[in-house]
Amino acid sequence: MSINRLPLANDDDLDPALRLISAGERLMKEAHRLFPVAFDQTNRNVWLEAMIDEVPDYLYFKDRNGCFVVANRAISIDSLPNGYESLEGLSDFDIHPEHVARGFFETEQEIMRNGNPMLDMEEFIRDARGTPKWMLSSKLPIRDHTGEVVGLVGIARDITERKKAESLHVGQAHLLKMIALGAPLVDVFSSLILLIEGQVHGVIGSILMLGGDGRTIRHGAAPNLDPLYCKAIDGIEIGPKVGSCGTAMWRGEPVIVTDILTDPLWESFTELVKPYGFRSCWSAPIHSYQGKVLGSFALYSCTPGKPSPECQKLVGMATHIAGIAIERKEAEDRIQFMAHHDTLTGLPNRGMLAERVASAIENADDGAGGVTLAFLDLDNFKLVNDSLGHNAGDELLKAVTERMLRCVRASDTIIRLGGDEFVVLLGGRLRRGETVEARLETLRQAIAEPVMLAGRSIQVTCSMGVATYPEHGRNATELLANADAAMYHAKEKGRDALQFFSAEMATHAKEKLLQQEELREAILRKQFLLHFQPQMDLATGRIFAVETLIRWRHPERGMVSPGSFIPLAEETGLIGPIGDWTLNAACRQNKAWQDAGLPPIVVSVNVSARQFQQKDWVERVARALKDSGLEARYLELELTESLIMQDVQQAVETMHRLEALGVHLAIDDFGTGYSSLSSLKRFPVGRLKIDQSFVQDLPADQDDAAIARAIVSLAHTLQLKVIAEGVETREQVDFLREAGCDEIQGYYLSRPIEARAVEALLRIPNI
Ligand code: C2E
Ligand code: MG
Ligand code: MG
């Protein structure tokens with residue numbers, strides 16, 4: 001290297017590179033002054049040369065053509081092409097690829113043309129060994145004594161480490177953002193691998209996952225590995241000698257193989273890896289937060305050896321991020337699954353119905369068989385739930401699910417709609433000689449096999465309504481509605497049956513819809529009225545109460561009895577407004593009788609389950625009393641056993657709140673429900689009403705007589721009054737009186753009558 005003497009301007013205006021040269025010159029001068037003999041001009045150049053070479057930054061001077069005139073050791077070592085001893089006389093075109101050299105050349109020509117320096121430019125290069133480097137470069141024009149630009153001086157510092165740290169930082173932030181936004185796992189993995197590959201020169205990254213079985217390797221991502229190689233690894237089982245990754249996952253700790261060709265862990269895979277030239281492979285397991293192995297992160301290199309400590313740190317970071325990504329994906333999958341599946345049985349839930357039906361229809365339209373939708377309801381599930389408890393109920397549902405799944409095929413779907421209702425969707429082609437009916441029948445029989453629950457053998461049957469595409473509906477809604485209608489028929493036919501949808505059912509369903517509309521109209525047009533049926537104390541003969549029984553004055557059909565519209569009102573929710581009306585009208589009527597000076601009596605009002613379960617039911621009762629001005633002790637509410645048994649705990653709580661209001665409570669139709677005697681004790685009721693079915697055949701029917709007597713004695717043990725309903729004959733009255741029954745209600749005494757008739761009755765001193 002030779003140093004050409006350059007004309008220098010004022011030190012302060014200089015770039016650091018020039019300042020360095022200038023400082024060197026001053027140093028030389030000083031050395032010269034102190035040791036005049038030793039430092040002649042030659043020595044001076046030697047010192048200067050030595051000093052420039054010691055600088056770790058690139059330092060060079062180029063002429064107007066971009067050819068190196070001076071180049072220090074740092075740039076020479078990094079850039080000298082093979083076979084050259086000095087950069088002098090060479091240009092960037094000799095040491096860089098054409099497009100890189102052109103970029104430099106153009107910038108430098110620009111600097112020399114304008115005479116303006118360019119400072120702190122970031123430049124990316126590859127050195128002579130191919131190592132990528134980021135340089136912070138400054139280039140300044142140099143003028144001769146006439147002021148003409150004769151070349152430029154350049155200084156460049158290697159900032160690769162800083163750039164790597166920066167890109168690592170940005171890359172990590174980007175990855176975490178991807179994970180947070182739920183980017184596909186393969187994209188996150190690919191970005192992660194590219195990030196690490198950008199940090200460690202000469203490596204290729206790969207992420208493998210451990211399959212759900214905890215044994216099988218699944219391809220994750222490897223953007224720079226040959227897809228054929230990835231495919232060959234996919235599906236291999238992990239083990240104590242399965243390359244770097246298979247072993248790392250098996251051991252649950254990092255495995256560093258410094259030479260693939262000699263390491264026994266790679267014994268079975270050397271042939272596979274040979275064509276790619278990989279010599280070392282360092283793999284680390286990816287762990288979950290709890291320490292479970294989820295996969296592996298590996299770096300392949302074509303040179304044998306160990307990873308540097310920095311590289312190991314990077315791998316540690318990569319496995320950590322990959323772990324977060326996998327766990328986040330697993331959590332998301334779980335949430336997705338839970339949103340679309342029933343947690344108890346694992347079956348798809350109602351939300352999946354439309355989609356599954358649509359895809360079954362699509363397949364059918366493409367000629368891949370038919371679609372059958374069966375609506376399935378367990379017949380005696382409530383009984384199991386109520387008598388054996390919810391846990392037993394859950395077990396039963398699980399057992400039934402398992403059996404149904406045994407009977408279906410891949411092209412079928414079973415959906416749990418909720419409670420004990422399921423939809424069975426049969427898709428695909430039927431086998432030779434097979435019918436839809438036979439397939440569903442198999443399912444029904446499988447369900448009906450006894451189940452062991454809480455140490456008991458229980459048998460549940462089911463009712464099924466079936467609709468087929470396209471005959472009974474063209475989409476999920478239509479098919480489900482018609483299958484539902486058919487299921488109702490199956491239930492009506494006595495349960496434990498399979499019923500296909502038919503045209504008559506459609507008419508029936510239409511009629512029901514029409515009735516529903518009529519009922520809605522009836523509320524608006526105030527077509528309801530109340531009748532009252534007196535109740536008599538057998539000991540005193542006094543009318544002490546009346547039961548309120550609703551009637552519908554239908555414009556065409558005349559007086560309609562509650563039996564023909566209350567069930568529909570309950571089913572459709574219209575019982576809410578109807579029941580409110582009854583309750584208020586009954587309270588007002590009773591208050592009106594009292595205001596008219598009649599002896600005060602209790603008015604009894606029937607309550608249906610839907611009403612009783614309204615959240616503000618107690619408040620509604622309180623309001624009816626307040627609005628009418630009736631004292632609470634003159635109102636009685638009749639609850640049925642089945643209503644109470646739907647949710648005993650909730651019912652008891654509501655009953656206590658009603659009791660606190662001062663309202664009386666009675667159990668209607670007693671003997672027809674399932675109340676256990678032990679729970680009866682917990683109900684704050686004052687009266688039991690023996691159902692009329694037990695009264696009807698009294699006193700002749702021995703069984704009914706025994707039941708009636710038992711109810712009376714049970715009620716008295718619990719300090720409850722007993723009233724018999726539907727009493728029609730003198731013989732019945734005599735029997736009941738003799739059995740100890742306290743009160744009676746029935747045609748014997750009076751049919752349900754209008755309010756005016758009640759008034760007349762109450763005016764008679766005693767009947
Ligand atoms: P329930 O509460 O058991 O009412 C007694 C039913 O027996 C009444 O029928 C009544 O007319 C009838 N009955 C009374 N004495 C005799 C008799 O001696 N012989 C015979 N064969 N029957 C007699 P109704 O009025 O048709 O009411 C039927 C059911 O409708 C009632 O049964 C009750 O469960 C329900 N219901 C009536 N009004 C309402 C109401 O306002 N709200 C609610 N939720 N249900 C009501
Ligand atoms: Mg009643
Ligand atoms: Mg009754």
# chains A, B, ... in the order shown; residues from 1 in each chain; ligands from 1

$ select_by_dssp --residues "region 621-717 of chain A" --states "helix (DSSP H, G or I)" --output "ChimeraX atom specification"
/A:621-628,632-634,641-646,648-661,677-680,692-695,702-717

$ residues_near_ligand --ligand "ligand 1" --cutoff "6 Å" --atoms "only C-alpha atoms and all ligand atoms" --output "MDAnalysis selection string"
chainID A and resid 549:550 561:563 579 582 606:608 669 726:728 746:747 752

$ residues_around --residues "Ala569 (chain A)" --least-positions-apart "3" --cutoff "10 Å" --atoms "only C-alpha atoms" --output "ChimeraX atom specification"
/A:515-516,519-520,562,564-566,572-579,608,610

$ closest_atom_pairs --of "chain A" --to "ligand 3" --cutoff "8 Å" --atoms "only C-alpha atoms and all ligand atoms" --output "CSV"
residue,atom,partner,partner_atom_place_in_ligand_line,distance
A:Asp668,CA,ligand 3,1 (Mg),4.9
A:Asp669,CA,ligand 3,1 (Mg),4.2
A:Phe670,CA,ligand 3,1 (Mg),7.7
A:Lys689,CA,ligand 3,1 (Mg),6.8
A:Ile690,CA,ligand 3,1 (Mg),7.6
A:Asp691,CA,ligand 3,1 (Mg),5.6
A:Gln692,CA,ligand 3,1 (Mg),6.7
A:Glu725,CA,ligand 3,1 (Mg),6.4

$ closest_residue --among "A:Arg687, A:Arg251, A:His96, A:His287" --to "ligand 2" --atoms "only C-alpha atoms and all ligand atoms"
A:Arg687

$ residues_around --residues "Ile415 (chain A)" --least-positions-apart "6" --cutoff "6 Å" --atoms "only C-alpha atoms" --output "ChimeraX atom specification"
/A:347-349,422-423
